[in-house]
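Engineer: Compact mmCIF, N, CA and C atoms and all ligand atoms, saved as data27.txt, coming up:
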```
# COMPACT_ATOMS: atom_id res chain seq x y z
N MET V 1 12.21 18.94 32.17
CA MET V 1 11.35 17.91 31.59
C MET V 1 12.13 17.11 30.51
N ILE V 2 12.05 15.79 30.61
CA ILE V 2 12.76 14.97 29.63
C ILE V 2 11.86 14.69 28.43
N LYS V 3 12.39 15.04 27.26
CA LYS V 3 11.60 14.80 26.03
C LYS V 3 11.89 13.40 25.54
N LYS V 4 10.83 12.63 25.30
CA LYS V 4 11.01 11.27 24.79
C LYS V 4 11.36 11.35 23.30
N LYS V 5 12.36 10.55 22.92
CA LYS V 5 12.71 10.51 21.49
C LYS V 5 11.81 9.47 20.82
N ARG V 6 10.92 9.93 19.96
CA ARG V 6 10.02 8.98 19.30
C ARG V 6 10.49 8.75 17.87
N PRO V 7 10.31 7.55 17.38
CA PRO V 7 10.71 7.32 15.97
C PRO V 7 9.76 8.06 15.03
N LYS V 8 10.32 8.63 13.96
CA LYS V 8 9.48 9.35 12.99
C LYS V 8 9.38 8.53 11.72
N TYR V 9 8.17 8.51 11.15
CA TYR V 9 7.99 7.82 9.88
C TYR V 9 7.25 8.77 8.95
N LEU V 10 7.99 9.39 8.06
CA LEU V 10 7.37 10.42 7.21
C LEU V 10 7.55 10.13 5.72
N ASP V 11 7.34 8.88 5.33
CA ASP V 11 7.41 8.57 3.91
C ASP V 11 6.05 8.92 3.30
N LEU V 12 5.99 10.09 2.62
CA LEU V 12 4.70 10.57 2.11
C LEU V 12 4.09 9.66 1.05
N THR V 13 4.94 8.84 0.41
CA THR V 13 4.40 7.94 -0.61
C THR V 13 3.75 6.71 0.05
N GLU V 14 4.10 6.47 1.30
CA GLU V 14 3.56 5.30 2.02
C GLU V 14 2.34 5.67 2.88
N ILE V 15 2.29 6.92 3.35
CA ILE V 15 1.20 7.33 4.24
C ILE V 15 -0.10 7.39 3.44
N LYS V 16 -1.14 6.72 3.95
CA LYS V 16 -2.41 6.65 3.23
C LYS V 16 -3.32 7.79 3.70
N MET V 17 -3.78 8.57 2.73
CA MET V 17 -4.65 9.70 3.07
C MET V 17 -6.09 9.22 3.24
N PRO V 18 -6.72 9.49 4.40
CA PRO V 18 -8.12 9.08 4.56
C PRO V 18 -9.02 9.88 3.60
N THR V 19 -10.10 9.26 3.11
CA THR V 19 -10.98 9.92 2.13
C THR V 19 -11.52 11.26 2.64
N PRO V 20 -11.97 11.37 3.93
CA PRO V 20 -12.46 12.68 4.39
C PRO V 20 -11.40 13.78 4.29
N ALA V 21 -10.12 13.41 4.48
CA ALA V 21 -9.04 14.40 4.39
C ALA V 21 -8.87 14.86 2.94
N LEU V 22 -8.94 13.90 2.01
CA LEU V 22 -8.82 14.22 0.58
C LEU V 22 -9.96 15.16 0.16
N VAL V 23 -11.20 14.84 0.61
CA VAL V 23 -12.36 15.67 0.26
C VAL V 23 -12.18 17.08 0.83
N SER V 24 -11.64 17.15 2.05
CA SER V 24 -11.43 18.45 2.69
C SER V 24 -10.42 19.30 1.91
N ILE V 25 -9.31 18.68 1.50
CA ILE V 25 -8.28 19.41 0.73
C ILE V 25 -8.87 19.88 -0.61
N LEU V 26 -9.62 18.96 -1.27
CA LEU V 26 -10.21 19.32 -2.57
C LEU V 26 -11.27 20.40 -2.42
N HIS V 27 -11.97 20.41 -1.27
CA HIS V 27 -12.99 21.44 -1.04
C HIS V 27 -12.33 22.82 -0.95
N ARG V 28 -11.21 22.88 -0.23
CA ARG V 28 -10.50 24.16 -0.12
C ARG V 28 -9.93 24.57 -1.48
N ALA V 29 -9.28 23.62 -2.18
CA ALA V 29 -8.67 23.92 -3.48
C ALA V 29 -9.74 24.35 -4.49
N SER V 30 -10.90 23.66 -4.49
CA SER V 30 -11.95 24.01 -5.45
C SER V 30 -12.55 25.38 -5.11
N GLY V 31 -12.68 25.69 -3.82
CA GLY V 31 -13.20 27.00 -3.40
C GLY V 31 -12.28 28.12 -3.89
N ILE V 32 -10.97 27.90 -3.76
CA ILE V 32 -10.01 28.92 -4.20
C ILE V 32 -10.04 29.05 -5.73
N ALA V 33 -10.11 27.90 -6.43
CA ALA V 33 -10.16 27.92 -7.91
C ALA V 33 -11.41 28.65 -8.40
N LEU V 34 -12.55 28.41 -7.72
CA LEU V 34 -13.79 29.07 -8.13
C LEU V 34 -13.70 30.58 -7.90
N TYR V 35 -13.08 30.93 -6.77
CA TYR V 35 -12.97 32.35 -6.42
C TYR V 35 -12.01 33.09 -7.37
N LEU V 36 -10.86 32.46 -7.64
CA LEU V 36 -9.83 33.14 -8.44
C LEU V 36 -10.05 33.04 -9.94
N VAL V 37 -10.61 31.92 -10.40
CA VAL V 37 -10.76 31.71 -11.85
C VAL V 37 -12.23 31.63 -12.28
N GLY V 38 -13.01 30.77 -11.61
CA GLY V 38 -14.39 30.49 -12.03
C GLY V 38 -15.27 31.72 -12.08
N VAL V 39 -15.32 32.49 -10.99
CA VAL V 39 -16.21 33.65 -10.93
C VAL V 39 -15.76 34.76 -11.90
N PRO V 40 -14.46 35.17 -11.89
CA PRO V 40 -14.06 36.21 -12.86
C PRO V 40 -14.28 35.79 -14.32
N LEU V 41 -13.91 34.54 -14.65
CA LEU V 41 -14.06 34.06 -16.03
C LEU V 41 -15.54 33.97 -16.41
N GLY V 42 -16.35 33.48 -15.49
CA GLY V 42 -17.80 33.36 -15.73
C GLY V 42 -18.41 34.73 -15.99
N LEU V 43 -18.04 35.72 -15.18
CA LEU V 43 -18.59 37.08 -15.35
C LEU V 43 -18.10 37.69 -16.67
N TYR V 44 -16.82 37.45 -17.00
CA TYR V 44 -16.25 37.99 -18.25
C TYR V 44 -16.98 37.40 -19.46
N PHE V 45 -17.15 36.07 -19.46
CA PHE V 45 -17.84 35.40 -20.57
C PHE V 45 -19.29 35.86 -20.65
N PHE V 46 -19.92 36.03 -19.50
CA PHE V 46 -21.33 36.46 -19.46
C PHE V 46 -21.47 37.85 -20.08
N GLN V 47 -20.56 38.75 -19.67
CA GLN V 47 -20.58 40.11 -20.19
C GLN V 47 -20.34 40.11 -21.70
N MET V 48 -19.36 39.27 -22.14
CA MET V 48 -19.02 39.18 -23.56
C MET V 48 -20.22 38.69 -24.38
N SER V 49 -20.91 37.68 -23.82
CA SER V 49 -22.01 37.05 -24.57
C SER V 49 -23.20 38.00 -24.72
N LEU V 50 -23.27 39.06 -23.87
CA LEU V 50 -24.41 39.97 -23.93
C LEU V 50 -24.09 41.31 -24.59
N ALA V 51 -22.79 41.64 -24.73
CA ALA V 51 -22.40 42.98 -25.17
C ALA V 51 -22.87 43.32 -26.58
N SER V 52 -22.58 42.46 -27.54
CA SER V 52 -22.99 42.73 -28.94
C SER V 52 -22.94 41.42 -29.72
N GLU V 53 -23.42 41.48 -30.95
CA GLU V 53 -23.44 40.28 -31.79
C GLU V 53 -22.01 39.80 -32.08
N GLN V 54 -21.12 40.78 -32.36
CA GLN V 54 -19.73 40.44 -32.67
C GLN V 54 -19.04 39.82 -31.45
N GLN V 55 -19.29 40.42 -30.29
CA GLN V 55 -18.66 39.91 -29.06
C GLN V 55 -19.20 38.52 -28.73
N TYR V 56 -20.47 38.29 -29.03
CA TYR V 56 -21.04 36.96 -28.79
C TYR V 56 -20.35 35.92 -29.67
N ALA V 57 -20.13 36.31 -30.95
CA ALA V 57 -19.46 35.40 -31.89
C ALA V 57 -18.04 35.11 -31.42
N GLN V 58 -17.38 36.15 -30.88
CA GLN V 58 -16.01 35.99 -30.35
C GLN V 58 -16.03 35.05 -29.14
N PHE V 59 -17.01 35.26 -28.26
CA PHE V 59 -17.16 34.41 -27.08
C PHE V 59 -17.39 32.95 -27.49
N ALA V 60 -18.28 32.76 -28.49
CA ALA V 60 -18.61 31.41 -28.95
C ALA V 60 -17.37 30.72 -29.52
N ALA V 61 -16.54 31.50 -30.24
CA ALA V 61 -15.31 30.93 -30.82
C ALA V 61 -14.33 30.53 -29.72
N ILE V 62 -14.18 31.40 -28.72
CA ILE V 62 -13.25 31.10 -27.61
C ILE V 62 -13.75 29.88 -26.84
N ALA V 63 -15.03 29.90 -26.47
CA ALA V 63 -15.60 28.82 -25.65
C ALA V 63 -15.68 27.50 -26.41
N GLY V 64 -15.58 27.58 -27.76
CA GLY V 64 -15.66 26.36 -28.57
C GLY V 64 -14.33 25.65 -28.72
N HIS V 65 -13.24 26.31 -28.31
CA HIS V 65 -11.91 25.70 -28.44
C HIS V 65 -11.77 24.55 -27.44
N TRP V 66 -11.15 23.44 -27.89
CA TRP V 66 -11.10 22.25 -27.02
C TRP V 66 -10.38 22.50 -25.70
N PHE V 67 -9.35 23.36 -25.73
CA PHE V 67 -8.59 23.60 -24.50
C PHE V 67 -9.43 24.39 -23.49
N VAL V 68 -10.18 25.38 -24.01
CA VAL V 68 -11.06 26.18 -23.14
C VAL V 68 -12.15 25.28 -22.57
N LYS V 69 -12.68 24.38 -23.42
CA LYS V 69 -13.71 23.45 -22.97
C LYS V 69 -13.18 22.57 -21.84
N LEU V 70 -11.93 22.12 -21.99
CA LEU V 70 -11.31 21.27 -20.97
C LEU V 70 -11.18 22.04 -19.65
N MET V 71 -10.80 23.34 -19.78
CA MET V 71 -10.67 24.18 -18.59
C MET V 71 -12.04 24.37 -17.92
N LEU V 72 -13.07 24.59 -18.75
CA LEU V 72 -14.42 24.78 -18.22
C LEU V 72 -14.92 23.50 -17.56
N LEU V 73 -14.50 22.34 -18.12
CA LEU V 73 -14.87 21.05 -17.52
C LEU V 73 -14.26 20.92 -16.13
N GLY V 74 -13.01 21.36 -16.01
CA GLY V 74 -12.32 21.36 -14.71
C GLY V 74 -13.03 22.27 -13.72
N LEU V 75 -13.48 23.43 -14.20
CA LEU V 75 -14.20 24.37 -13.32
C LEU V 75 -15.57 23.82 -12.94
N LEU V 76 -16.19 23.10 -13.88
CA LEU V 76 -17.49 22.47 -13.59
C LEU V 76 -17.31 21.45 -12.47
N TRP V 77 -16.24 20.63 -12.60
CA TRP V 77 -15.97 19.65 -11.53
C TRP V 77 -15.70 20.37 -10.20
N ALA V 78 -14.90 21.47 -10.26
CA ALA V 78 -14.58 22.21 -9.03
C ALA V 78 -15.87 22.68 -8.36
N PHE V 79 -16.81 23.20 -9.17
CA PHE V 79 -18.06 23.69 -8.59
C PHE V 79 -18.86 22.52 -8.00
N LEU V 80 -18.97 21.43 -8.77
CA LEU V 80 -19.79 20.30 -8.30
C LEU V 80 -19.19 19.65 -7.06
N HIS V 81 -17.86 19.53 -7.03
CA HIS V 81 -17.21 18.97 -5.84
C HIS V 81 -17.45 19.90 -4.65
N HIS V 82 -17.23 21.21 -4.88
CA HIS V 82 -17.39 22.18 -3.79
C HIS V 82 -18.83 22.17 -3.29
N PHE V 83 -19.78 22.04 -4.21
CA PHE V 83 -21.20 22.04 -3.86
C PHE V 83 -21.53 20.79 -3.02
N CYS V 84 -21.15 19.61 -3.52
CA CYS V 84 -21.46 18.35 -2.81
C CYS V 84 -20.76 18.32 -1.45
N ALA V 85 -19.46 18.67 -1.44
CA ALA V 85 -18.73 18.67 -0.17
C ALA V 85 -19.31 19.73 0.77
N GLY V 86 -19.74 20.88 0.20
CA GLY V 86 -20.34 21.94 1.02
C GLY V 86 -21.59 21.44 1.72
N ILE V 87 -22.43 20.69 1.00
CA ILE V 87 -23.64 20.14 1.61
C ILE V 87 -23.25 19.17 2.72
N ARG V 88 -22.19 18.36 2.47
CA ARG V 88 -21.73 17.41 3.51
C ARG V 88 -21.29 18.18 4.76
N TYR V 89 -20.54 19.29 4.57
CA TYR V 89 -20.08 20.05 5.74
C TYR V 89 -21.24 20.70 6.48
N LEU V 90 -22.25 21.14 5.72
CA LEU V 90 -23.40 21.75 6.38
C LEU V 90 -24.15 20.71 7.23
N THR V 91 -24.24 19.46 6.71
CA THR V 91 -24.91 18.41 7.51
C THR V 91 -24.04 18.05 8.73
N LEU V 92 -22.70 18.06 8.54
CA LEU V 92 -21.81 17.80 9.69
C LEU V 92 -21.99 18.89 10.76
N ASP V 93 -22.18 20.16 10.29
CA ASP V 93 -22.41 21.26 11.23
C ASP V 93 -23.68 21.03 12.05
N MET V 94 -24.62 20.26 11.47
CA MET V 94 -25.87 19.94 12.20
C MET V 94 -25.72 18.62 12.98
N HIS V 95 -24.45 18.17 13.12
CA HIS V 95 -24.09 16.94 13.84
C HIS V 95 -24.73 15.69 13.23
N MET V 96 -24.83 15.69 11.92
CA MET V 96 -25.33 14.50 11.23
C MET V 96 -24.15 13.84 10.51
N GLY V 97 -24.06 12.50 10.61
CA GLY V 97 -23.01 11.75 9.92
C GLY V 97 -21.62 11.93 10.51
N GLU V 98 -21.55 12.08 11.82
CA GLU V 98 -20.25 12.32 12.46
C GLU V 98 -19.47 11.05 12.82
N GLU V 99 -20.15 9.91 12.82
CA GLU V 99 -19.45 8.64 13.14
C GLU V 99 -18.40 8.36 12.07
N LEU V 100 -17.31 7.69 12.48
CA LEU V 100 -16.19 7.46 11.56
C LEU V 100 -16.63 6.78 10.26
N GLN V 101 -17.43 5.71 10.40
CA GLN V 101 -17.84 4.98 9.21
C GLN V 101 -18.71 5.84 8.30
N GLN V 102 -19.60 6.63 8.92
CA GLN V 102 -20.48 7.53 8.14
C GLN V 102 -19.64 8.61 7.45
N ALA V 103 -18.66 9.13 8.18
CA ALA V 103 -17.80 10.18 7.61
C ALA V 103 -17.04 9.64 6.40
N ARG V 104 -16.60 8.37 6.53
CA ARG V 104 -15.88 7.76 5.40
C ARG V 104 -16.81 7.58 4.20
N SER V 105 -18.00 7.03 4.46
CA SER V 105 -18.87 6.74 3.32
C SER V 105 -19.42 8.01 2.68
N THR V 106 -19.74 9.05 3.48
CA THR V 106 -20.26 10.29 2.87
C THR V 106 -19.17 11.00 2.06
N SER V 107 -17.92 10.93 2.54
CA SER V 107 -16.86 11.59 1.77
C SER V 107 -16.61 10.85 0.46
N PHE V 108 -16.71 9.51 0.50
CA PHE V 108 -16.57 8.73 -0.72
C PHE V 108 -17.72 9.07 -1.69
N ALA V 109 -18.93 9.21 -1.11
CA ALA V 109 -20.10 9.56 -1.94
C ALA V 109 -19.91 10.92 -2.60
N VAL V 110 -19.30 11.89 -1.89
CA VAL V 110 -19.04 13.22 -2.47
C VAL V 110 -18.16 13.08 -3.70
N LEU V 111 -17.09 12.25 -3.60
CA LEU V 111 -16.18 12.07 -4.74
C LEU V 111 -16.91 11.45 -5.92
N VAL V 112 -17.69 10.39 -5.65
CA VAL V 112 -18.36 9.66 -6.72
C VAL V 112 -19.45 10.52 -7.37
N VAL V 113 -20.30 11.15 -6.53
CA VAL V 113 -21.43 11.94 -7.06
C VAL V 113 -20.92 13.14 -7.87
N SER V 114 -19.89 13.84 -7.35
CA SER V 114 -19.42 15.03 -8.09
C SER V 114 -18.77 14.62 -9.42
N LEU V 115 -18.07 13.50 -9.42
CA LEU V 115 -17.46 13.05 -10.69
C LEU V 115 -18.54 12.59 -11.67
N ALA V 116 -19.56 11.87 -11.17
CA ALA V 116 -20.63 11.39 -12.04
C ALA V 116 -21.41 12.56 -12.63
N LEU V 117 -21.72 13.58 -11.80
CA LEU V 117 -22.44 14.76 -12.30
C LEU V 117 -21.61 15.51 -13.33
N THR V 118 -20.28 15.58 -13.10
CA THR V 118 -19.39 16.25 -14.06
C THR V 118 -19.44 15.52 -15.40
N LEU V 119 -19.44 14.20 -15.32
CA LEU V 119 -19.47 13.38 -16.54
C LEU V 119 -20.77 13.62 -17.31
N VAL V 120 -21.90 13.55 -16.58
CA VAL V 120 -23.22 13.71 -17.23
C VAL V 120 -23.37 15.11 -17.83
N LEU V 121 -23.08 16.16 -17.03
CA LEU V 121 -23.23 17.54 -17.52
C LEU V 121 -22.16 17.86 -18.57
N GLY V 122 -20.94 17.33 -18.36
CA GLY V 122 -19.84 17.58 -19.29
C GLY V 122 -20.15 17.04 -20.67
N VAL V 123 -20.72 15.84 -20.75
CA VAL V 123 -21.07 15.23 -22.04
C VAL V 123 -22.12 16.09 -22.74
N GLN V 124 -23.10 16.61 -21.97
CA GLN V 124 -24.15 17.44 -22.58
C GLN V 124 -23.63 18.79 -23.05
N LEU V 125 -22.66 19.35 -22.31
CA LEU V 125 -22.18 20.70 -22.64
C LEU V 125 -21.06 20.71 -23.67
N TRP V 126 -20.38 19.58 -23.86
CA TRP V 126 -19.19 19.55 -24.75
C TRP V 126 -19.50 19.96 -26.19
C1 LIG V 201 -18.66 30.16 -6.86
C2 LIG V 201 -19.14 29.82 -5.70
C3 LIG V 201 -18.28 29.53 -4.49
C4 LIG V 201 -17.02 29.98 -4.13
C5 LIG V 201 -16.11 30.91 -4.91
C6 LIG V 201 -16.73 29.39 -2.85
C7 LIG V 201 -15.54 29.55 -2.16
C8 LIG V 201 -15.25 29.02 -0.92
C9 LIG V 201 -14.00 29.14 -0.22
C10 LIG V 201 -12.76 29.86 -0.73
C11 LIG V 201 -14.14 28.50 0.96
C12 LIG V 201 -13.09 28.37 2.07
C13 LIG V 201 -12.41 27.01 1.94
C14 LIG V 201 -11.46 26.74 3.08
O1 LIG V 201 -10.76 27.64 3.52
O2 LIG V 201 -11.40 25.58 3.52
C15 LIG V 201 -15.49 27.97 1.03
C16 LIG V 201 -15.98 27.26 2.09
C17 LIG V 201 -17.24 26.71 2.12
N1 LIG V 201 -18.14 26.64 1.07
FE1 LIG V 201 -17.95 27.63 -0.67
N2 LIG V 201 -17.78 28.62 -2.45
C18 LIG V 201 -18.76 28.68 -3.43
C19 LIG V 201 -19.96 28.02 -3.45
C20 LIG V 201 -20.45 27.23 -2.43
C21 LIG V 201 -21.71 26.54 -2.47
C22 LIG V 201 -22.73 26.56 -3.64
C23 LIG V 201 -21.84 25.91 -1.29
C24 LIG V 201 -23.03 25.09 -0.81
C25 LIG V 201 -23.17 23.85 -1.03
C26 LIG V 201 -20.65 26.17 -0.50
C27 LIG V 201 -20.38 25.70 0.75
C28 LIG V 201 -19.27 25.97 1.50
C29 LIG V 201 -19.08 25.57 2.90
C30 LIG V 201 -20.09 24.81 3.75
C31 LIG V 201 -17.82 26.03 3.27
C32 LIG V 201 -17.16 25.89 4.65
C33 LIG V 201 -16.49 24.52 4.77
C34 LIG V 201 -15.84 24.33 6.13
O3 LIG V 201 -16.57 24.23 7.12
O4 LIG V 201 -14.60 24.26 6.19
N3 LIG V 201 -19.82 26.97 -1.24
N4 LIG V 201 -16.13 28.29 -0.13
```
Could you quickly redo this structure as structure tokens?

Structural biologist:
Amino acid sequence: MIKKKRPKYLDLTEIKMPTPALVSILHRASGIALYLVGVPLGLYFFQMSLASEQQYAQFAAIAGHWFVKLMLLGLLWAFLHHFCAGIRYLTLDMHMGEELQQARSTSFAVLVVSLALTLVLGVQLW
């Protein structure tokens, strides 16, 4: 069998990533971040906040630091993105919104809604 030599174009800075692909990558990354960092940290902070008065004060001091707050903001976005994208995937599993144009607009909506919710909740929690 003769293999055709096809030209390759792999300039990653030039290749445009479709929005559904970006949402898919972020959904996987946010799921892993929630599993590895969000859940253990959330449980640790929860346990600390309930253990004793001193531990609660320690937890409040840690959680009040700007860097920790920034990290928690990142985890909040990870959860909200994962949640919104998760709902999109569940609707896709029910064969809703499968057309190309719908897939593009729903993935764009996931990015916008999760960022907007992060902003609104982040401002209240800061
Ligand atoms: C702390 C909570 C959560 C953690 C740690 C988590 C973690 C994960 C991980 C690691 C994956 C696999 C990602 C991949 O391999 O592509 C996943 C997939 C998924 N998650 Fe979550 N998740 C959480 C919450 C949620 C919530 C609240 C929803 C509902 C909206 C959700 C919906 C989904 C769906 C639908 C998939 C499958 C996506 C697909 O078809 O590829 N998850 N999750």

Engineer: Name the residues in contact with Ile87 (chain V) at a cut-off of 12 Å, using only C-alpha atoms, excluding same-chain residues fewer than 4 positions from it; report them as a list in words.

Structural biologist: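 With the cut-off at 12 Å, the set is His27, Leu80, His81, His82, Phe83, Thr91, Leu92, Asp93, Met94, Met96, Gly97, Thr106, Ser107, Ala109, Val110 and Ser114 of chain V.
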
Engineer: Generate a file of the selected residues that holds N, CA and C atoms, formatted as an mmCIF file, in the frame of the given file.

Structural biologist:
```cif
data_model
loop_
_atom_site.group_PDB
_atom_site.id
_atom_site.type_symbol
_atom_site.label_atom_id
_atom_site.label_comp_id
_atom_site.auth_asym_id
_atom_site.auth_seq_id
_atom_site.Cartn_x
_atom_site.Cartn_y
_atom_site.Cartn_z
ATOM 1 N N HIS V 27 -11.970 20.410 -1.270
ATOM 2 C CA HIS V 27 -12.990 21.440 -1.040
ATOM 3 C C HIS V 27 -12.330 22.820 -0.950
ATOM 4 N N LEU V 80 -18.970 21.430 -8.770
ATOM 5 C CA LEU V 80 -19.790 20.300 -8.300
ATOM 6 C C LEU V 80 -19.190 19.650 -7.060
ATOM 7 N N HIS V 81 -17.860 19.530 -7.030
ATOM 8 C CA HIS V 81 -17.210 18.970 -5.840
ATOM 9 C C HIS V 81 -17.450 19.900 -4.650
ATOM 10 N N HIS V 82 -17.230 21.210 -4.880
ATOM 11 C CA HIS V 82 -17.390 22.180 -3.790
ATOM 12 C C HIS V 82 -18.830 22.170 -3.290
ATOM 13 N N PHE V 83 -19.780 22.040 -4.210
ATOM 14 C CA PHE V 83 -21.200 22.040 -3.860
ATOM 15 C C PHE V 83 -21.530 20.790 -3.020
ATOM 16 N N THR V 91 -24.240 19.460 6.710
ATOM 17 C CA THR V 91 -24.910 18.410 7.510
ATOM 18 C C THR V 91 -24.040 18.050 8.730
ATOM 19 N N LEU V 92 -22.700 18.060 8.540
ATOM 20 C CA LEU V 92 -21.810 17.800 9.690
ATOM 21 C C LEU V 92 -21.990 18.890 10.760
ATOM 22 N N ASP V 93 -22.180 20.160 10.290
ATOM 23 C CA ASP V 93 -22.410 21.260 11.230
ATOM 24 C C ASP V 93 -23.680 21.030 12.050
ATOM 25 N N MET V 94 -24.620 20.260 11.470
ATOM 26 C CA MET V 94 -25.870 19.940 12.200
ATOM 27 C C MET V 94 -25.720 18.620 12.980
ATOM 28 N N MET V 96 -24.830 15.690 11.920
ATOM 29 C CA MET V 96 -25.330 14.500 11.230
ATOM 30 C C MET V 96 -24.150 13.840 10.510
ATOM 31 N N GLY V 97 -24.060 12.500 10.610
ATOM 32 C CA GLY V 97 -23.010 11.750 9.920
ATOM 33 C C GLY V 97 -21.620 11.930 10.510
ATOM 34 N N THR V 106 -19.740 9.050 3.480
ATOM 35 C CA THR V 106 -20.260 10.290 2.870
ATOM 36 C C THR V 106 -19.170 11.000 2.060
ATOM 37 N N SER V 107 -17.920 10.930 2.540
ATOM 38 C CA SER V 107 -16.860 11.590 1.770
ATOM 39 C C SER V 107 -16.610 10.850 0.460
ATOM 40 N N ALA V 109 -18.930 9.210 -1.110
ATOM 41 C CA ALA V 109 -20.100 9.560 -1.940
ATOM 42 C C ALA V 109 -19.910 10.920 -2.600
ATOM 43 N N VAL V 110 -19.300 11.890 -1.890
ATOM 44 C CA VAL V 110 -19.040 13.220 -2.470
ATOM 45 C C VAL V 110 -18.160 13.080 -3.700
ATOM 46 N N SER V 114 -19.890 13.840 -7.350
ATOM 47 C CA SER V 114 -19.420 15.030 -8.090
ATOM 48 C C SER V 114 -18.770 14.620 -9.420
#
```

Engineer: Using all atoms listed in the file, which residues of the polymer chains come no farther than 8 Å from ligand LIG 201 (chain V)? I'd like the answer as a list in words.

Structural biologist: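 Answer in the requested format: Ser24, Ile25, Leu26, His27, Arg28, Ala29, Ser30, Gly31, Ile32, Ala33, Leu34, Tyr35, Leu36, Val37, Gly38, Val39, Phe79, His81, His82, Phe83, Cys84, Ala85, Gly86, Ile87, Arg88, Tyr89, Leu90, Thr91 and Asp93 of chain V.
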
Engineer: Any chance you could export the current selection's N, CA and C atoms as a short mmCIF file (atom, residue, chain, number, x, y, z; two decimals), in the frame of the given file?

Structural biologist:
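And here is the file that came out, again-v3.cif:
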```cif
data_model
loop_
_atom_site.label_atom_id
_atom_site.label_comp_id
_atom_site.auth_asym_id
_atom_site.auth_seq_id
_atom_site.Cartn_x
_atom_site.Cartn_y
_atom_site.Cartn_z
N SER V 24 -11.64 17.15 2.05
CA SER V 24 -11.43 18.45 2.69
C SER V 24 -10.42 19.30 1.91
N ILE V 25 -9.31 18.68 1.50
CA ILE V 25 -8.28 19.41 0.73
C ILE V 25 -8.87 19.88 -0.61
N LEU V 26 -9.62 18.96 -1.27
CA LEU V 26 -10.21 19.32 -2.57
C LEU V 26 -11.27 20.40 -2.42
N HIS V 27 -11.97 20.41 -1.27
CA HIS V 27 -12.99 21.44 -1.04
C HIS V 27 -12.33 22.82 -0.95
N ARG V 28 -11.21 22.88 -0.23
CA ARG V 28 -10.50 24.16 -0.12
C ARG V 28 -9.93 24.57 -1.48
N ALA V 29 -9.28 23.62 -2.18
CA ALA V 29 -8.67 23.92 -3.48
C ALA V 29 -9.74 24.35 -4.49
N SER V 30 -10.90 23.66 -4.49
CA SER V 30 -11.95 24.01 -5.45
C SER V 30 -12.55 25.38 -5.11
N GLY V 31 -12.68 25.69 -3.82
CA GLY V 31 -13.20 27.00 -3.40
C GLY V 31 -12.28 28.12 -3.89
N ILE V 32 -10.97 27.90 -3.76
CA ILE V 32 -10.01 28.92 -4.20
C ILE V 32 -10.04 29.05 -5.73
N ALA V 33 -10.11 27.90 -6.43
CA ALA V 33 -10.16 27.92 -7.91
C ALA V 33 -11.41 28.65 -8.40
N LEU V 34 -12.55 28.41 -7.72
CA LEU V 34 -13.79 29.07 -8.13
C LEU V 34 -13.70 30.58 -7.90
N TYR V 35 -13.08 30.93 -6.77
CA TYR V 35 -12.97 32.35 -6.42
C TYR V 35 -12.01 33.09 -7.37
N LEU V 36 -10.86 32.46 -7.64
CA LEU V 36 -9.83 33.14 -8.44
C LEU V 36 -10.05 33.04 -9.94
N VAL V 37 -10.61 31.92 -10.40
CA VAL V 37 -10.76 31.71 -11.85
C VAL V 37 -12.23 31.63 -12.28
N GLY V 38 -13.01 30.77 -11.61
CA GLY V 38 -14.39 30.49 -12.03
C GLY V 38 -15.27 31.72 -12.08
N VAL V 39 -15.32 32.49 -10.99
CA VAL V 39 -16.21 33.65 -10.93
C VAL V 39 -15.76 34.76 -11.90
N PHE V 79 -16.81 23.20 -9.17
CA PHE V 79 -18.06 23.69 -8.59
C PHE V 79 -18.86 22.52 -8.00
N HIS V 81 -17.86 19.53 -7.03
CA HIS V 81 -17.21 18.97 -5.84
C HIS V 81 -17.45 19.90 -4.65
N HIS V 82 -17.23 21.21 -4.88
CA HIS V 82 -17.39 22.18 -3.79
C HIS V 82 -18.83 22.17 -3.29
N PHE V 83 -19.78 22.04 -4.21
CA PHE V 83 -21.20 22.04 -3.86
C PHE V 83 -21.53 20.79 -3.02
N CYS V 84 -21.15 19.61 -3.52
CA CYS V 84 -21.46 18.35 -2.81
C CYS V 84 -20.76 18.32 -1.45
N ALA V 85 -19.46 18.67 -1.44
CA ALA V 85 -18.73 18.67 -0.17
C ALA V 85 -19.31 19.73 0.77
N GLY V 86 -19.74 20.88 0.20
CA GLY V 86 -20.34 21.94 1.02
C GLY V 86 -21.59 21.44 1.72
N ILE V 87 -22.43 20.69 1.00
CA ILE V 87 -23.64 20.14 1.61
C ILE V 87 -23.25 19.17 2.72
N ARG V 88 -22.19 18.36 2.47
CA ARG V 88 -21.73 17.41 3.51
C ARG V 88 -21.29 18.18 4.76
N TYR V 89 -20.54 19.29 4.57
CA TYR V 89 -20.08 20.05 5.74
C TYR V 89 -21.24 20.70 6.48
N LEU V 90 -22.25 21.14 5.72
CA LEU V 90 -23.40 21.75 6.38
C LEU V 90 -24.15 20.71 7.23
N THR V 91 -24.24 19.46 6.71
CA THR V 91 -24.91 18.41 7.51
C THR V 91 -24.04 18.05 8.73
N ASP V 93 -22.18 20.16 10.29
CA ASP V 93 -22.41 21.26 11.23
C ASP V 93 -23.68 21.03 12.05
#
```

Engineer: Find, counting only C-alpha atoms, the residue in V:Glu99, V:Leu117, V:Val123, V:Lys16 that gets nearest to Lys69 (chain V).

Structural biologist: V:Val123

Engineer: Extract the full set of alpha helix (DSSP H) residues from chain V according to DSSP on the backbone, and format it as a ChimeraX atom specification.

Structural biologist: /V:19-33,39-51,53-64,66-93,100-125

Engineer: How many Å separate CA of Thr118 (chain V) from atom N of Leu75 (chain V)?

Structural biologist: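 Between these atoms lies a distance of 9.3 Å.
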
Engineer: Using all atoms listed in the file for the distances, tell me which of V:Val113, V:Ala103, V:Leu125, V:Gly64 is nearest to Thr19 (chain V).

Structural biologist: V:Ala103
